[in-house]
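Have a look at my_file.tsv below; it lists TSV, C-alpha atoms.
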```tsv
chain	number	residue	atom	x	y	z
G	1	MET	CA	31.78	23.44	-1.63
G	2	ILE	CA	28.99	20.89	-1.46
G	3	ALA	CA	30.29	17.32	-1.51
G	4	TYR	CA	28.53	13.96	-1.35
G	5	VAL	CA	30.12	10.99	0.38
G	6	GLY	CA	29.05	7.38	-0.08
G	7	ILE	CA	29.27	5.24	3.05
G	8	GLY	CA	29.25	1.45	3.21
G	9	ALA	CA	30.24	-1.39	5.53
G	10	ASN	CA	29.74	-5.16	5.67
G	11	LEU	CA	32.18	-6.41	8.33
G	12	GLY	CA	31.74	-6.31	12.10
G	13	ASP	CA	28.80	-4.21	13.30
G	14	ALA	CA	28.23	-2.62	9.89
G	15	ARG	CA	25.24	-0.53	10.99
G	16	ALA	CA	27.17	0.92	13.95
G	17	ASN	CA	30.17	1.62	11.71
G	18	VAL	CA	28.02	3.59	9.25
G	19	VAL	CA	26.33	5.53	12.07
G	20	ASP	CA	29.73	6.31	13.59
G	21	ALA	CA	31.05	7.43	10.21
G	22	LEU	CA	28.17	9.90	9.96
G	23	ALA	CA	29.04	11.25	13.41
G	24	ARG	CA	32.70	11.57	12.45
G	25	LEU	CA	31.74	13.39	9.22
G	26	ALA	CA	29.59	15.78	11.27
G	27	ALA	CA	32.61	16.55	13.49
G	28	LEU	CA	35.13	16.82	10.65
G	29	PRO	CA	37.16	20.07	10.82
G	30	GLY	CA	36.56	22.13	7.70
G	31	ALA	CA	33.23	20.48	6.95
G	32	SER	CA	29.69	20.41	8.24
G	33	LEU	CA	27.11	17.70	7.72
G	34	VAL	CA	24.21	19.24	5.81
G	35	ARG	CA	22.08	16.08	5.64
G	36	ALA	CA	22.35	12.33	5.57
G	37	SER	CA	20.23	9.66	3.97
G	38	GLY	CA	18.61	6.84	5.83
G	39	LEU	CA	20.41	3.52	6.00
G	40	TYR	CA	20.06	0.97	3.22
G	41	ARG	CA	20.83	-2.74	3.06
G	42	SER	CA	22.25	-3.93	-0.24
G	43	ALA	CA	23.76	-7.07	-1.67
G	44	PRO	CA	27.45	-6.87	-2.59
G	45	VAL	CA	28.13	-5.83	-6.20
G	46	ASP	CA	31.11	-7.44	-7.95
G	47	ALA	CA	32.08	-9.05	-4.64
G	48	GLY	CA	31.08	-11.67	-2.11
G	49	GLY	CA	30.41	-11.46	1.60
G	50	ASP	CA	27.58	-10.24	3.77
G	51	ASP	CA	25.11	-7.56	2.76
G	52	TYR	CA	26.26	-3.96	3.05
G	53	ILE	CA	24.78	-1.16	5.08
G	54	ASN	CA	24.95	2.03	2.99
G	55	ALA	CA	24.18	5.73	3.28
G	56	VAL	CA	25.11	9.01	1.60
G	57	ALA	CA	26.10	12.21	3.40
G	58	CYS	CA	26.02	15.74	2.06
G	59	LEU	CA	28.81	17.96	3.38
G	60	ASP	CA	29.46	21.67	3.07
G	61	THR	CA	33.26	21.88	3.14
G	62	THR	CA	36.15	24.27	2.78
G	63	LEU	CA	38.52	21.32	2.25
G	64	SER	CA	39.88	20.66	-1.22
G	65	GLY	CA	38.83	17.42	-2.87
G	66	HIS	CA	42.17	15.82	-2.04
G	67	GLU	CA	42.07	17.06	1.58
G	68	LEU	CA	38.56	15.68	1.98
G	69	LEU	CA	39.61	12.34	0.53
G	70	SER	CA	42.51	12.20	2.99
G	71	ALA	CA	40.12	12.90	5.88
G	72	LEU	CA	37.80	10.12	4.63
G	73	HIS	CA	40.74	7.70	4.55
G	74	GLY	CA	41.54	8.69	8.13
G	75	ILE	CA	38.01	7.81	9.23
G	76	GLU	CA	38.28	4.47	7.41
G	77	LEU	CA	41.58	3.70	9.15
G	78	ALA	CA	40.03	4.52	12.53
G	79	HIS	CA	37.59	1.69	11.76
G	80	GLY	CA	40.38	-0.73	10.88
G	81	ARG	CA	39.87	-0.55	7.12
G	82	GLU	CA	42.15	-2.87	5.19
G	83	ARG	CA	42.49	-3.15	1.43
G	84	PRO	CA	43.74	-6.71	0.80
G	85	TYR	CA	42.20	-6.84	-2.69
G	86	ARG	CA	39.75	-4.97	-4.92
G	87	ASN	CA	36.16	-5.05	-3.62
G	88	ALA	CA	37.16	-6.91	-0.44
G	89	PRO	CA	34.64	-6.89	2.41
G	90	ARG	CA	35.23	-3.87	4.63
G	91	THR	CA	34.59	-2.46	8.06
G	92	LEU	CA	34.01	0.94	6.46
G	93	ASP	CA	34.23	2.39	2.97
G	94	LEU	CA	33.94	6.14	2.33
G	95	ASP	CA	33.83	7.31	-1.27
G	96	LEU	CA	33.88	10.92	-2.42
G	97	LEU	CA	31.06	10.75	-4.95
G	98	LEU	CA	30.61	14.39	-5.97
G	99	TYR	CA	32.58	17.54	-5.23
G	100	GLY	CA	30.41	20.40	-6.42
G	101	ASP	CA	30.24	20.26	-10.19
G	102	GLN	CA	33.95	19.52	-10.50
G	103	VAL	CA	35.50	16.75	-12.52
G	104	ILE	CA	38.77	15.65	-10.90
G	105	ARG	CA	40.98	12.98	-12.40
G	106	SER	CA	44.24	12.37	-10.58
G	107	ALA	CA	46.26	9.37	-9.48
G	108	THR	CA	44.45	9.34	-6.13
G	109	LEU	CA	41.04	10.90	-6.78
G	110	CYS	CA	38.37	10.48	-9.45
G	111	VAL	CA	35.28	12.68	-9.06
G	112	PRO	CA	32.55	12.10	-9.89
G	113	HIS	CA	33.05	8.58	-8.64
G	114	PRO	CA	33.43	6.57	-11.87
G	115	ARG	CA	30.83	3.87	-11.08
G	116	MET	CA	28.35	5.79	-8.95
G	117	HIS	CA	25.73	5.83	-11.71
G	118	GLU	CA	25.92	2.01	-11.92
G	119	ARG	CA	25.21	1.34	-8.23
G	120	ALA	CA	21.78	1.28	-6.58
G	121	PHE	CA	23.51	1.49	-3.18
G	122	VAL	CA	24.78	4.94	-4.21
G	123	LEU	CA	21.84	6.23	-6.23
G	124	ALA	CA	19.02	5.35	-3.81
G	125	PRO	CA	20.45	7.18	-0.78
G	126	LEU	CA	21.80	10.02	-2.93
G	127	LEU	CA	18.43	10.64	-4.54
G	128	GLU	CA	16.75	10.49	-1.12
G	129	ILE	CA	18.67	13.59	0.01
G	130	ALA	CA	19.38	15.23	-3.36
G	131	PRO	CA	16.66	14.32	-5.87
G	132	ASP	CA	18.00	16.88	-8.35
G	133	ALA	CA	21.67	15.80	-8.05
G	134	GLN	CA	23.67	16.13	-11.24
G	135	ILE	CA	26.59	13.89	-12.15
G	136	PRO	CA	29.05	16.12	-14.03
G	137	GLY	CA	29.52	14.85	-17.56
G	138	LEU	CA	26.59	12.43	-17.30
G	139	GLY	CA	23.49	14.40	-16.28
G	140	PRO	CA	20.76	13.94	-13.67
G	141	ALA	CA	21.46	11.09	-11.23
G	142	ARG	CA	17.76	10.13	-11.29
G	143	ASP	CA	18.10	9.18	-14.97
G	144	PHE	CA	20.29	6.23	-13.95
G	145	ALA	CA	17.96	4.78	-11.29
G	146	PRO	CA	15.99	2.63	-13.78
G	147	HIS	CA	19.25	1.05	-14.97
G	148	VAL	CA	20.02	-0.30	-11.47
G	149	ALA	CA	16.50	-1.38	-10.54
G	150	ASP	CA	17.55	-5.04	-10.64
G	151	GLN	CA	20.13	-4.54	-7.83
G	152	ALA	CA	18.83	-5.68	-4.44
G	153	ILE	CA	18.51	-2.77	-2.01
G	154	ALA	CA	16.10	-1.88	0.79
G	155	ARG	CA	15.77	1.14	3.05
G	156	MET	CA	16.10	0.14	6.69
G	157	ALA	CA	13.69	1.27	9.38
```

Could I get this file's structure written as structure tokens?
Amino acid sequence: MIAYVGIGANLGDARANVVDALARLAALPGASLVRASGLYRSAPVDAGGDDYINAVACLDTTLSGHELLSALHGIELAHGRERPYRNAPRTLDLDLLLYGDQVIRSATLCVPHPRMHERAFVLAPLLEIAPDAQIPGLGPARDFAPHVADQAIARMA
């Protein structure tokens, strides 16, 4: 199954945390890293704090959606992720954005990610590595890029 994971951090050494998350995704049992976007700097959306460093990774995985989510939570915990309140600043945030063309709605997992089409920090890196990505139930991801053009984001060197 092809899955896309959104990566973000804005506490501590955010850039190093995102780079380490990519390395951990590449080493994840039951998954292989197919490709990763460059790094992007973005302003927080619906939150305060420092700018975020973001990326998107494409994985080929034999893990179920729930197993993959559990593995992502494990990587977050290894980085000291805490969840004191919604949209709190974070050392590392890993979101399962897409899991093939599946729509999953459970108490612990919603795929496609319910706000991915509203976030430049998701769409820009996703479209970099998957310009033809489809969001199940919504259509081509590229169709949403004009709607987030006012959100501050820049690709890092």

Original post:
Quick one, how far is atom CA of G:Val111 from atom CA of G:His147?
Top reply: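 That distance, rounded to one decimal, is 20.7 Å.
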
Original post:
If we count only C-alpha atoms, what is near G:Leu25 at a cut-off of 12 Å, once residues fewer than 6 positions away on the same chain are taken out, given as a list in words?
Top reply: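 These residues fall inside the cut-off: Ala3, Tyr4, Val5, Gly6, Ile7, Val18, Val19, Ala31, Ser32, Leu33, Val34, Arg35, Ala36, Val56, Ala57, Cys58, Leu59, Asp60, Thr61, Leu68, Leu69, Ala71, Leu72, His73, Gly74, Ile75, Glu76 and Leu94 of chain G.
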
Hey, can you spit out that residue selection with C-alpha atoms as a CSV table (one decimal), in the frame of the given file?
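Resulting contents of out_14.csv:
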```csv
chain,number,residue,atom,x,y,z
G,3,ALA,CA,30.3,17.3,-1.5
G,4,TYR,CA,28.5,14.0,-1.4
G,5,VAL,CA,30.1,11.0,0.4
G,6,GLY,CA,29.0,7.4,-0.1
G,7,ILE,CA,29.3,5.2,3.0
G,18,VAL,CA,28.0,3.6,9.2
G,19,VAL,CA,26.3,5.5,12.1
G,31,ALA,CA,33.2,20.5,7.0
G,32,SER,CA,29.7,20.4,8.2
G,33,LEU,CA,27.1,17.7,7.7
G,34,VAL,CA,24.2,19.2,5.8
G,35,ARG,CA,22.1,16.1,5.6
G,36,ALA,CA,22.4,12.3,5.6
G,56,VAL,CA,25.1,9.0,1.6
G,57,ALA,CA,26.1,12.2,3.4
G,58,CYS,CA,26.0,15.7,2.1
G,59,LEU,CA,28.8,18.0,3.4
G,60,ASP,CA,29.5,21.7,3.1
G,61,THR,CA,33.3,21.9,3.1
G,68,LEU,CA,38.6,15.7,2.0
G,69,LEU,CA,39.6,12.3,0.5
G,71,ALA,CA,40.1,12.9,5.9
G,72,LEU,CA,37.8,10.1,4.6
G,73,HIS,CA,40.7,7.7,4.6
G,74,GLY,CA,41.5,8.7,8.1
G,75,ILE,CA,38.0,7.8,9.2
G,76,GLU,CA,38.3,4.5,7.4
G,94,LEU,CA,33.9,6.1,2.3
```

Hey, what's within 12 Å of G:Met116 if we count only C-alpha atoms and toss same-chain stuff fewer than 5 positions away? As an mmCIF file with C-alpha atoms, in the coordinates of the input, please?
```cif
data_model
loop_
_atom_site.group_PDB
_atom_site.id
_atom_site.type_symbol
_atom_site.label_atom_id
_atom_site.label_comp_id
_atom_site.auth_asym_id
_atom_site.auth_seq_id
_atom_site.Cartn_x
_atom_site.Cartn_y
_atom_site.Cartn_z
ATOM 1 C CA TYR G 4 28.530 13.960 -1.350
ATOM 2 C CA VAL G 5 30.120 10.990 0.380
ATOM 3 C CA GLY G 6 29.050 7.380 -0.080
ATOM 4 C CA VAL G 45 28.130 -5.830 -6.200
ATOM 5 C CA VAL G 56 25.110 9.010 1.600
ATOM 6 C CA ASP G 95 33.830 7.310 -1.270
ATOM 7 C CA LEU G 96 33.880 10.920 -2.420
ATOM 8 C CA LEU G 97 31.060 10.750 -4.950
ATOM 9 C CA LEU G 98 30.610 14.390 -5.970
ATOM 10 C CA CYS G 110 38.370 10.480 -9.450
ATOM 11 C CA VAL G 111 35.280 12.680 -9.060
ATOM 12 C CA PHE G 121 23.510 1.490 -3.180
ATOM 13 C CA VAL G 122 24.780 4.940 -4.210
ATOM 14 C CA LEU G 123 21.840 6.230 -6.230
ATOM 15 C CA ALA G 124 19.020 5.350 -3.810
ATOM 16 C CA PRO G 125 20.450 7.180 -0.780
ATOM 17 C CA LEU G 126 21.800 10.020 -2.930
ATOM 18 C CA LEU G 127 18.430 10.640 -4.540
ATOM 19 C CA GLN G 134 23.670 16.130 -11.240
ATOM 20 C CA ILE G 135 26.590 13.890 -12.150
ATOM 21 C CA PRO G 136 29.050 16.120 -14.030
ATOM 22 C CA LEU G 138 26.590 12.430 -17.300
ATOM 23 C CA ALA G 141 21.460 11.090 -11.230
ATOM 24 C CA ARG G 142 17.760 10.130 -11.290
ATOM 25 C CA PHE G 144 20.290 6.230 -13.950
ATOM 26 C CA ALA G 145 17.960 4.780 -11.290
ATOM 27 C CA HIS G 147 19.250 1.050 -14.970
ATOM 28 C CA VAL G 148 20.020 -0.300 -11.470
#
```

Subject >> For G:Ala157, the nearest of the candidates G:Ser64, G:Gly38, G:Arg105, G:Leu28, counting only C-alpha atoms >> reply: G:Gly38

Original post:
How many Å lie between atom CA of G:Gly139 and atom CA of G:Ile53, rounded to one decimal?
Top reply: 26.5 Å

**OP:** Just give me the gap between atom CA of G:Asn54 and atom CA of G:Ala14 in Å, one decimal is fine.
**Re:**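 Value for the atom CA of G:Asn54-atom CA of G:Ala14 distance: 8.9 Å.
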
**OP:** Can you work out which one of G:Ala133, G:Ile153, G:Ala78, G:Ala55 has the shortest atom-to-atom distance to G:His117, counting only C-alpha atoms?
**Re:** G:Ala133

Original post:
Of the residues G:Asp93, G:Gly65, G:Ala152, G:Asp132, which is the one nearest to G:Pro112, using all atoms listed in the file?
Top reply: G:Gly65

Original post:
From the list G:Arg24, G:His66, G:Arg90, G:Arg119, which residue is nearest G:Leu11 when using all atoms listed in the file?
Top reply: G:Arg90

Listed atoms of stretch 140-152 of chain G, axis-aligned box, 4 Å per side: centre and edge lengths to one decimal in Å, as AutoDock Vina command-line options?
```
--center_x 18.7 --center_y 4.1 --center_z -9.7 --size_x 13.5 --size_y 27.6 --size_z 18.5
```

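Proximity of G:Ser42, G:Pro131, G:Asp101, G:Ala26 to G:Asp143, computed with only C-alpha atoms, is greatest for G:Pro131.
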